[in-house]
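Step one of this worksheet: look at the structure below.
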Amino acid sequence: MIDLYAAATSNSVRARIALEECGLPYKLNRIDLTKGEHKTPQFLALNPNAQIPVIVDSDGPGGKPLTLAQSTAILLYAAEKSGKFLPKDAAARPRVLQALMNASTDITPLFGTVNACLRAKEPHAPTAQMFKDRLRAFFKVWDEQLAKTRYAAGDEVTVADISLLAGWWRTKGALPELLEGLPNLARWGEEMQARPAVQRALKF
Ligand SMILES: N[C@@H](CCC(=O)N[C@@H](CS)C(=O)NCC(=O)O)C(=O)O
């Protein structure tokens with residue numbers, strides 16, 4: 001059994017969709033960031049960086065317990081443990097990893113940066129707009145890609161789709177104007193969001 005510590009954030013959702021899609025049984029432990037539940041001694045023992053998501057897998061590698069933070073590490077761990085969503089083919093894999101990294105290390109952090117700019121005690125509109133423009137530019141390239149392929153890295157759902165969905169879903173909820181006029185991305189997002197495992201993962 002896997003314990004997942006999470007809330008309705010893009011990084012948490014990436015990990016939860018991964019567990020649901022990979023069919024790995026888990027228990028959701030809700031962490032309320034507004035109450036500082038990620039800063040308790042018990043939580044810091046799981047992740048000294050005081051960030052969600054975290055998983056604790058009682059049946060980790062070699063049958064030993066594993067504690068793991070970082071949503072993309074959790075996504076890759078779930079994919080490898082289940083043997084799903086990560087092609088073994090040496091030609092296909094780099095393309096999937098490239099798409100995964102864009103979703104995980106460009107899109108989600110930019111979304112967080114825009115939010116931080118907007119929520120700052122003294123918001124600076126031009127800075128927020130600069131990061132919004134960068135985020136929009138990444139989504140525009142995704143829209144062009146998804147005009148050519150059904151999924152993020154080809155004809156099959158991979159870890160890249162799971163990661164991108166997390167950023168797309170949060171942006172759609174908080175900054176929908178950044179996704180306007182991107183029909184291929186919208187087609188992909190709606191299809192991904194309709195998957196039963198994703199529906200379960202998005203219910204908090
Ligand atoms: N790179 C990390 C980022 C994790 C992260 O930023 N988590 C946020 C929620 S989305 C958090 O726990 N924030 C707590 C805080 O900022 O105090 C990952 O992918 O898991």
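Every chain in the structure tokens takes a letter, A first, then B, and so on in the order presented; its residues are numbered from 1, and the ligands are numbered from 1 following the presented order.
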
Selection near A:Leu46, 10 Å with only C-alpha atoms, sequence-local residues under 6 positions removed, as a list in words
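Non-adjacent residues within range: Tyr5, His38, Ile52, Val54, Ile55, Val56, Thr67, Leu68 and Ala69 of chain A.
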
Distance filter 10 Å around ligand 1, atoms: only C-alpha atoms and all ligand atoms, out as number ranges by chain
A: 5-15, 31-34, 36-39, 47, 49-54, 68-75, 104-105, 108-109, 111-112, 116, 163

Would you please give, as a ChimeraX atom specification, all residues of stretch 19-151 of chain A that DSSP assigns to strand (DSSP E) based on the backbone?
/A:26-30,54-57,66-69

Could the residues in this selection be saved with N, CA, C and O atoms as a PDB file, in the first residue's frame?
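The resulting file, result30.pdb, is reproduced below:
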```
ATOM      1  N   TYR A  26      -3.546   3.092  -3.202  1.00  0.00           N
ATOM      2  CA  TYR A  26      -2.951   4.106  -2.333  1.00  0.00           C
ATOM      3  C   TYR A  26      -4.016   4.686  -1.417  1.00  0.00           C
ATOM      4  O   TYR A  26      -5.212   4.596  -1.691  1.00  0.00           O
ATOM      5  N   LYS A  27      -3.521   5.302  -0.341  1.00  0.00           N
ATOM      6  CA  LYS A  27      -4.421   6.029   0.571  1.00  0.00           C
ATOM      7  C   LYS A  27      -4.054   7.498   0.475  1.00  0.00           C
ATOM      8  O   LYS A  27      -2.867   7.860   0.564  1.00  0.00           O
ATOM      9  N   LEU A  28      -5.063   8.350   0.269  1.00  0.00           N
ATOM     10  CA  LEU A  28      -4.815   9.797   0.185  1.00  0.00           C
ATOM     11  C   LEU A  28      -4.830  10.409   1.582  1.00  0.00           C
ATOM     12  O   LEU A  28      -5.816  10.292   2.311  1.00  0.00           O
ATOM     13  N   ASN A  29      -3.716  11.049   1.939  1.00  0.00           N
ATOM     14  CA  ASN A  29      -3.642  11.795   3.198  1.00  0.00           C
ATOM     15  C   ASN A  29      -3.632  13.277   2.823  1.00  0.00           C
ATOM     16  O   ASN A  29      -2.644  13.766   2.259  1.00  0.00           O
ATOM     17  N   ARG A  30      -4.750  13.953   3.091  1.00  0.00           N
ATOM     18  CA  ARG A  30      -4.861  15.363   2.665  1.00  0.00           C
ATOM     19  C   ARG A  30      -3.985  16.258   3.533  1.00  0.00           C
ATOM     20  O   ARG A  30      -4.004  16.149   4.755  1.00  0.00           O
ATOM     21  N   VAL A  54       4.196  13.807  -1.464  1.00  0.00           N
ATOM     22  CA  VAL A  54       5.142  12.789  -0.982  1.00  0.00           C
ATOM     23  C   VAL A  54       4.392  11.460  -1.012  1.00  0.00           C
ATOM     24  O   VAL A  54       3.187  11.432  -0.747  1.00  0.00           O
ATOM     25  N   ILE A  55       5.100  10.378  -1.336  1.00  0.00           N
ATOM     26  CA  ILE A  55       4.512   9.049  -1.137  1.00  0.00           C
ATOM     27  C   ILE A  55       5.394   8.248  -0.182  1.00  0.00           C
ATOM     28  O   ILE A  55       6.615   8.473  -0.119  1.00  0.00           O
ATOM     29  N   VAL A  56       4.752   7.339   0.542  1.00  0.00           N
ATOM     30  CA  VAL A  56       5.483   6.329   1.305  1.00  0.00           C
ATOM     31  C   VAL A  56       4.947   4.993   0.818  1.00  0.00           C
ATOM     32  O   VAL A  56       3.761   4.698   0.984  1.00  0.00           O
ATOM     33  N   ASP A  57       5.815   4.227   0.173  1.00  0.00           N
ATOM     34  CA  ASP A  57       5.420   2.912  -0.348  1.00  0.00           C
ATOM     35  C   ASP A  57       5.952   1.859   0.612  1.00  0.00           C
ATOM     36  O   ASP A  57       7.175   1.683   0.739  1.00  0.00           O
ATOM     37  N   LEU A  66       9.724   2.806   1.032  1.00  0.00           N
ATOM     38  CA  LEU A  66      10.366   3.903   0.297  1.00  0.00           C
ATOM     39  C   LEU A  66       9.576   5.189   0.526  1.00  0.00           C
ATOM     40  O   LEU A  66       8.356   5.206   0.363  1.00  0.00           O
ATOM     41  N   THR A  67      10.272   6.248   0.911  1.00  0.00           N
ATOM     42  CA  THR A  67       9.657   7.578   1.004  1.00  0.00           C
ATOM     43  C   THR A  67      10.182   8.396  -0.157  1.00  0.00           C
ATOM     44  O   THR A  67      11.398   8.459  -0.376  1.00  0.00           O
ATOM     45  N   LEU A  68       9.252   9.016  -0.923  1.00  0.00           N
ATOM     46  CA  LEU A  68       9.667   9.705  -2.148  1.00  0.00           C
ATOM     47  C   LEU A  68       8.895  11.010  -2.323  1.00  0.00           C
ATOM     48  O   LEU A  68       7.666  11.016  -2.298  1.00  0.00           O
ATOM     49  N   ALA A  69       9.654  12.108  -2.511  1.00  0.00           N
ATOM     50  CA  ALA A  69       9.055  13.404  -2.843  1.00  0.00           C
ATOM     51  C   ALA A  69       9.354  13.687  -4.314  1.00  0.00           C
ATOM     52  O   ALA A  69       9.980  12.872  -4.987  1.00  0.00           O
TER      53      ALA A  69
END
```

Selected residue of minimal separation from A:Arg187 among A:Ala160, A:Arg200, A:Thr149, A:Gly173, counting only C-alpha atoms
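Looking only at the distances to A:Arg187, the closest residue turns out to be A:Thr149.
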
Find the residues around A:Glu156 up to 12 Å (only C-alpha atoms counted), leave out those fewer than 4 positions away in its own chain, and share them as a PyMOL selection string.
chain A and resi 84-87+92+96+149-152+160-162+188+192

Among listed residues A:Leu110, A:Leu100, A:Ala194, A:Val157, nearest A:Leu76 (using only C-alpha atoms):
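Nearest to A:Leu76: A:Leu100.
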
Nearest to A:Ala137 by atom-to-atom distance, counting only C-alpha atoms, from A:Arg95, A:Tyr77, A:Leu178, A:Leu202:
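Residue with the minimum atom-to-atom distance to A:Ala137: A:Leu178.
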
Of the listed residues A:Leu146, A:Leu175, A:Ala120, A:Ala99, that which approaches A:Thr158 most closely, counting only C-alpha atoms
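Checking each of A:Leu146, A:Leu175, A:Ala120, A:Ala99 against A:Thr158, counting only C-alpha atoms, the winner is A:Ala99.
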
From a DSSP calculation on the backbone, collect every residue of stretch 45-192 of chain A in helix (DSSP H, G or I) and output the set as a short mmCIF file (atom, residue, chain, number, x, y, z; two decimals) with N, CA and C atoms, in the first residue's frame.
```cif
data_model
loop_
_atom_site.label_atom_id
_atom_site.label_comp_id
_atom_site.auth_asym_id
_atom_site.auth_seq_id
_atom_site.Cartn_x
_atom_site.Cartn_y
_atom_site.Cartn_z
N ALA A 45 9.78 15.12 8.43
CA ALA A 45 10.54 13.87 8.44
C ALA A 45 10.37 13.14 7.10
N LEU A 46 9.25 13.40 6.41
CA LEU A 46 9.02 12.78 5.09
C LEU A 46 9.70 13.59 4.00
N PRO A 61 11.20 -0.88 -3.48
CA PRO A 61 12.18 -1.79 -4.09
C PRO A 61 12.78 -2.75 -3.06
N GLY A 62 12.86 -4.01 -3.43
CA GLY A 62 13.40 -5.03 -2.52
C GLY A 62 12.47 -5.33 -1.36
N GLY A 63 11.19 -4.89 -1.48
CA GLY A 63 10.21 -5.13 -0.41
C GLY A 63 10.39 -4.20 0.77
N SER A 71 7.10 15.34 -7.56
CA SER A 71 5.99 14.74 -8.30
C SER A 71 6.44 13.96 -9.53
N THR A 72 7.48 14.44 -10.20
CA THR A 72 7.89 13.73 -11.42
C THR A 72 8.67 12.46 -11.06
N ALA A 73 9.38 12.48 -9.94
CA ALA A 73 10.03 11.24 -9.47
C ALA A 73 8.95 10.21 -9.10
N ILE A 74 7.88 10.70 -8.48
CA ILE A 74 6.77 9.79 -8.10
C ILE A 74 6.11 9.24 -9.36
N LEU A 75 5.91 10.12 -10.35
CA LEU A 75 5.31 9.69 -11.63
C LEU A 75 6.17 8.61 -12.30
N LEU A 76 7.47 8.83 -12.36
CA LEU A 76 8.36 7.84 -12.99
C LEU A 76 8.42 6.56 -12.16
N TYR A 77 8.40 6.70 -10.84
CA TYR A 77 8.42 5.51 -9.97
C TYR A 77 7.17 4.66 -10.21
N ALA A 78 6.02 5.33 -10.28
CA ALA A 78 4.76 4.60 -10.51
C ALA A 78 4.77 3.93 -11.89
N ALA A 79 5.29 4.65 -12.89
CA ALA A 79 5.33 4.10 -14.25
C ALA A 79 6.23 2.86 -14.29
N GLU A 80 7.39 2.96 -13.62
CA GLU A 80 8.31 1.81 -13.65
C GLU A 80 7.77 0.65 -12.82
N LYS A 81 7.16 0.96 -11.69
CA LYS A 81 6.63 -0.10 -10.83
C LYS A 81 5.51 -0.87 -11.54
N SER A 82 4.70 -0.14 -12.31
CA SER A 82 3.55 -0.78 -12.97
C SER A 82 3.87 -1.25 -14.39
N ARG A 93 11.72 6.57 -26.25
CA ARG A 93 11.88 7.05 -24.87
C ARG A 93 12.41 8.48 -24.76
N PRO A 94 13.46 8.86 -25.51
CA PRO A 94 13.96 10.24 -25.38
C PRO A 94 12.90 11.29 -25.69
N ARG A 95 12.06 11.01 -26.66
CA ARG A 95 11.02 11.96 -27.04
C ARG A 95 9.99 12.11 -25.91
N VAL A 96 9.68 10.99 -25.28
CA VAL A 96 8.75 11.03 -24.14
C VAL A 96 9.38 11.83 -22.99
N LEU A 97 10.67 11.58 -22.74
CA LEU A 97 11.33 12.28 -21.63
C LEU A 97 11.44 13.78 -21.91
N GLN A 98 11.69 14.14 -23.16
CA GLN A 98 11.75 15.56 -23.53
C GLN A 98 10.40 16.24 -23.25
N ALA A 99 9.32 15.58 -23.67
CA ALA A 99 7.97 16.14 -23.45
C ALA A 99 7.67 16.19 -21.95
N LEU A 100 8.07 15.14 -21.24
CA LEU A 100 7.86 15.09 -19.78
C LEU A 100 8.55 16.27 -19.10
N MET A 101 9.80 16.52 -19.47
CA MET A 101 10.57 17.58 -18.81
C MET A 101 9.97 18.95 -19.10
N ASN A 102 9.49 19.16 -20.31
CA ASN A 102 8.86 20.45 -20.60
C ASN A 102 7.65 20.66 -19.69
N ALA A 103 6.83 19.60 -19.59
CA ALA A 103 5.62 19.72 -18.76
C ALA A 103 5.98 19.92 -17.29
N SER A 104 6.97 19.15 -16.80
CA SER A 104 7.27 19.17 -15.37
C SER A 104 8.16 20.33 -14.95
N THR A 105 9.13 20.69 -15.81
CA THR A 105 10.11 21.68 -15.34
C THR A 105 9.95 23.05 -15.98
N ASP A 106 9.16 23.16 -17.05
CA ASP A 106 8.89 24.47 -17.63
C ASP A 106 7.48 24.94 -17.24
N ILE A 107 6.48 24.11 -17.57
CA ILE A 107 5.10 24.58 -17.43
C ILE A 107 4.68 24.73 -15.96
N THR A 108 4.82 23.68 -15.18
CA THR A 108 4.32 23.77 -13.79
C THR A 108 5.06 24.84 -12.98
N PRO A 109 6.40 24.91 -13.04
CA PRO A 109 7.05 25.98 -12.28
C PRO A 109 6.65 27.38 -12.75
N LEU A 110 6.42 27.55 -14.07
CA LEU A 110 5.98 28.87 -14.55
C LEU A 110 4.60 29.21 -14.00
N PHE A 111 3.73 28.20 -13.96
CA PHE A 111 2.40 28.43 -13.38
C PHE A 111 2.56 28.90 -11.92
N GLY A 112 3.43 28.24 -11.19
CA GLY A 112 3.67 28.62 -9.79
C GLY A 112 4.24 30.03 -9.69
N THR A 113 5.12 30.38 -10.63
CA THR A 113 5.73 31.71 -10.61
C THR A 113 4.68 32.79 -10.88
N VAL A 114 3.81 32.55 -11.87
CA VAL A 114 2.75 33.53 -12.15
C VAL A 114 1.88 33.72 -10.91
N ASN A 115 1.50 32.62 -10.29
CA ASN A 115 0.67 32.70 -9.08
C ASN A 115 1.36 33.48 -7.98
N ALA A 116 2.66 33.21 -7.81
CA ALA A 116 3.41 33.91 -6.76
C ALA A 116 3.44 35.41 -7.06
N CYS A 117 3.60 35.77 -8.35
CA CYS A 117 3.62 37.20 -8.73
C CYS A 117 2.26 37.85 -8.44
N LEU A 118 1.19 37.12 -8.74
CA LEU A 118 -0.14 37.70 -8.58
C LEU A 118 -0.53 37.81 -7.10
N ARG A 119 0.00 36.85 -6.28
CA ARG A 119 -0.39 36.84 -4.87
C ARG A 119 0.59 37.62 -3.98
N ALA A 125 2.66 43.98 -11.86
CA ALA A 125 1.92 43.49 -13.03
C ALA A 125 2.82 43.15 -14.23
N PRO A 126 3.82 43.99 -14.59
CA PRO A 126 4.63 43.65 -15.76
C PRO A 126 5.40 42.33 -15.58
N THR A 127 5.85 42.06 -14.36
CA THR A 127 6.57 40.79 -14.12
C THR A 127 5.60 39.61 -14.28
N ALA A 128 4.41 39.76 -13.69
CA ALA A 128 3.40 38.69 -13.83
C ALA A 128 3.08 38.46 -15.30
N GLN A 129 2.96 39.56 -16.07
CA GLN A 129 2.61 39.42 -17.48
C GLN A 129 3.75 38.73 -18.26
N MET A 130 4.98 39.06 -17.91
CA MET A 130 6.12 38.43 -18.60
C MET A 130 6.07 36.89 -18.42
N PHE A 131 5.82 36.45 -17.18
CA PHE A 131 5.77 35.00 -16.95
C PHE A 131 4.52 34.37 -17.56
N LYS A 132 3.41 35.13 -17.58
CA LYS A 132 2.19 34.63 -18.24
C LYS A 132 2.48 34.41 -19.73
N ASP A 133 3.18 35.38 -20.34
CA ASP A 133 3.49 35.27 -21.78
C ASP A 133 4.36 34.03 -22.04
N ARG A 134 5.31 33.80 -21.14
CA ARG A 134 6.18 32.62 -21.32
C ARG A 134 5.37 31.33 -21.22
N LEU A 135 4.46 31.30 -20.25
CA LEU A 135 3.62 30.11 -20.06
C LEU A 135 2.73 29.90 -21.29
N ARG A 136 2.13 30.97 -21.75
CA ARG A 136 1.27 30.90 -22.94
C ARG A 136 2.08 30.38 -24.14
N ALA A 137 3.32 30.83 -24.28
CA ALA A 137 4.16 30.41 -25.42
C ALA A 137 4.39 28.90 -25.38
N PHE A 138 4.61 28.35 -24.18
CA PHE A 138 4.79 26.89 -24.08
C PHE A 138 3.50 26.17 -24.48
N PHE A 139 2.36 26.69 -24.01
CA PHE A 139 1.08 26.04 -24.36
C PHE A 139 0.83 26.13 -25.87
N LYS A 140 1.27 27.23 -26.49
CA LYS A 140 1.06 27.39 -27.93
C LYS A 140 1.85 26.31 -28.70
N VAL A 141 3.06 26.06 -28.25
CA VAL A 141 3.86 25.00 -28.90
C VAL A 141 3.19 23.64 -28.69
N TRP A 142 2.63 23.43 -27.49
CA TRP A 142 1.89 22.17 -27.26
C TRP A 142 0.70 22.06 -28.20
N ASP A 143 0.03 23.19 -28.44
CA ASP A 143 -1.13 23.17 -29.34
C ASP A 143 -0.69 22.74 -30.74
N GLU A 144 0.46 23.25 -31.18
CA GLU A 144 0.98 22.87 -32.51
C GLU A 144 1.35 21.38 -32.53
N GLN A 145 1.96 20.91 -31.46
CA GLN A 145 2.34 19.49 -31.39
C GLN A 145 1.11 18.60 -31.43
N LEU A 146 0.08 19.01 -30.68
CA LEU A 146 -1.12 18.17 -30.57
C LEU A 146 -2.02 18.27 -31.80
N ALA A 147 -1.65 19.14 -32.75
CA ALA A 147 -2.31 19.12 -34.06
C ALA A 147 -1.75 17.95 -34.87
N LYS A 148 -0.53 17.50 -34.52
CA LYS A 148 0.15 16.45 -35.29
C LYS A 148 0.03 15.08 -34.64
N VAL A 159 3.89 9.09 -19.67
CA VAL A 159 4.12 9.93 -18.49
C VAL A 159 4.06 11.42 -18.85
N ALA A 160 4.42 11.76 -20.10
CA ALA A 160 4.39 13.17 -20.53
C ALA A 160 2.97 13.72 -20.49
N ASP A 161 2.00 12.91 -20.91
CA ASP A 161 0.60 13.36 -20.87
C ASP A 161 0.15 13.58 -19.42
N ILE A 162 0.56 12.68 -18.56
CA ILE A 162 0.13 12.80 -17.15
C ILE A 162 0.70 14.08 -16.55
N SER A 163 1.97 14.34 -16.85
CA SER A 163 2.59 15.55 -16.30
C SER A 163 1.96 16.82 -16.88
N LEU A 164 1.77 16.83 -18.19
CA LEU A 164 1.20 18.02 -18.84
C LEU A 164 -0.22 18.27 -18.37
N LEU A 165 -0.96 17.20 -18.15
CA LEU A 165 -2.35 17.35 -17.73
C LEU A 165 -2.44 18.11 -16.40
N ALA A 166 -1.49 17.82 -15.51
CA ALA A 166 -1.51 18.48 -14.20
C ALA A 166 -1.39 20.01 -14.37
N GLY A 167 -0.45 20.44 -15.22
CA GLY A 167 -0.27 21.88 -15.44
C GLY A 167 -1.42 22.49 -16.20
N TRP A 168 -1.94 21.76 -17.17
CA TRP A 168 -3.07 22.25 -17.98
C TRP A 168 -4.30 22.43 -17.09
N TRP A 169 -4.55 21.42 -16.24
CA TRP A 169 -5.74 21.44 -15.38
C TRP A 169 -5.71 22.63 -14.42
N ARG A 170 -4.56 22.87 -13.82
CA ARG A 170 -4.46 24.00 -12.87
C ARG A 170 -4.58 25.33 -13.60
N THR A 171 -3.97 25.41 -14.80
CA THR A 171 -4.06 26.65 -15.56
C THR A 171 -5.50 26.90 -15.99
N LYS A 172 -6.17 25.85 -16.41
CA LYS A 172 -7.56 25.98 -16.85
C LYS A 172 -8.43 26.51 -15.69
N GLY A 173 -8.14 26.07 -14.49
CA GLY A 173 -8.93 26.53 -13.34
C GLY A 173 -8.59 27.95 -12.92
N ALA A 174 -7.30 28.30 -12.97
CA ALA A 174 -6.88 29.58 -12.37
C ALA A 174 -6.63 30.68 -13.40
N PRO A 176 -7.60 30.69 -17.11
CA PRO A 176 -8.12 30.10 -18.35
C PRO A 176 -7.81 30.92 -19.60
N GLU A 177 -7.58 32.22 -19.42
CA GLU A 177 -7.28 33.07 -20.59
C GLU A 177 -5.99 32.64 -21.29
N LEU A 178 -5.11 31.96 -20.55
CA LEU A 178 -3.84 31.52 -21.17
C LEU A 178 -4.05 30.33 -22.11
N LEU A 179 -5.22 29.72 -22.05
CA LEU A 179 -5.48 28.54 -22.88
C LEU A 179 -6.47 28.83 -24.02
N PRO A 183 -7.11 25.07 -29.85
CA PRO A 183 -8.10 23.99 -29.97
C PRO A 183 -7.54 22.58 -29.83
N ASN A 184 -6.31 22.38 -30.29
CA ASN A 184 -5.75 21.02 -30.22
C ASN A 184 -5.40 20.65 -28.78
N LEU A 185 -4.88 21.63 -28.07
CA LEU A 185 -4.59 21.42 -26.65
C LEU A 185 -5.89 21.18 -25.88
N ALA A 186 -6.93 21.93 -26.24
CA ALA A 186 -8.24 21.76 -25.58
C ALA A 186 -8.80 20.36 -25.86
N ARG A 187 -8.70 19.91 -27.10
CA ARG A 187 -9.18 18.56 -27.48
C ARG A 187 -8.47 17.50 -26.65
N TRP A 188 -7.14 17.64 -26.58
CA TRP A 188 -6.34 16.68 -25.81
C TRP A 188 -6.71 16.74 -24.33
N GLY A 189 -6.81 17.96 -23.78
CA GLY A 189 -7.09 18.12 -22.34
C GLY A 189 -8.43 17.53 -21.96
N GLU A 190 -9.44 17.77 -22.80
CA GLU A 190 -10.77 17.25 -22.48
C GLU A 190 -10.76 15.72 -22.53
N GLU A 191 -10.06 15.18 -23.55
CA GLU A 191 -9.99 13.71 -23.66
C GLU A 191 -9.28 13.11 -22.45
N MET A 192 -8.16 13.71 -22.08
CA MET A 192 -7.40 13.20 -20.93
C MET A 192 -8.22 13.31 -19.64
#
```

Min atom-atom distance to A:Ala153 from the set A:Glu20, A:Lys35, A:Pro41, A:Ala91, counting only C-alpha atoms, belongs to A:Ala91

Between A:Leu182, A:Leu24, A:Leu4, A:Ala18, which has the minimum distance to A:Phe43 (counting only C-alpha atoms)?
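With only C-alpha atoms as the atom set, the closest residue is A:Leu4.
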
So what do you get for atom CA of A:Gln42 versus atom CA of A:Cys22, distance-wise?
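Distance between the two atoms: 27.7 Å.
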
Just the number, please: distance in Å from atom CA of A:Ile17 to atom CA of A:Ala201, one decimal.
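Distance between the two atoms: 5.2 Å.
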
Point-to-point distance from atom CA of A:Phe204 to atom CA of A:Pro25, Å rounded to tenths:
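Answer for the atom CA of A:Phe204 to atom CA of A:Pro25 separation: 16.6 Å.
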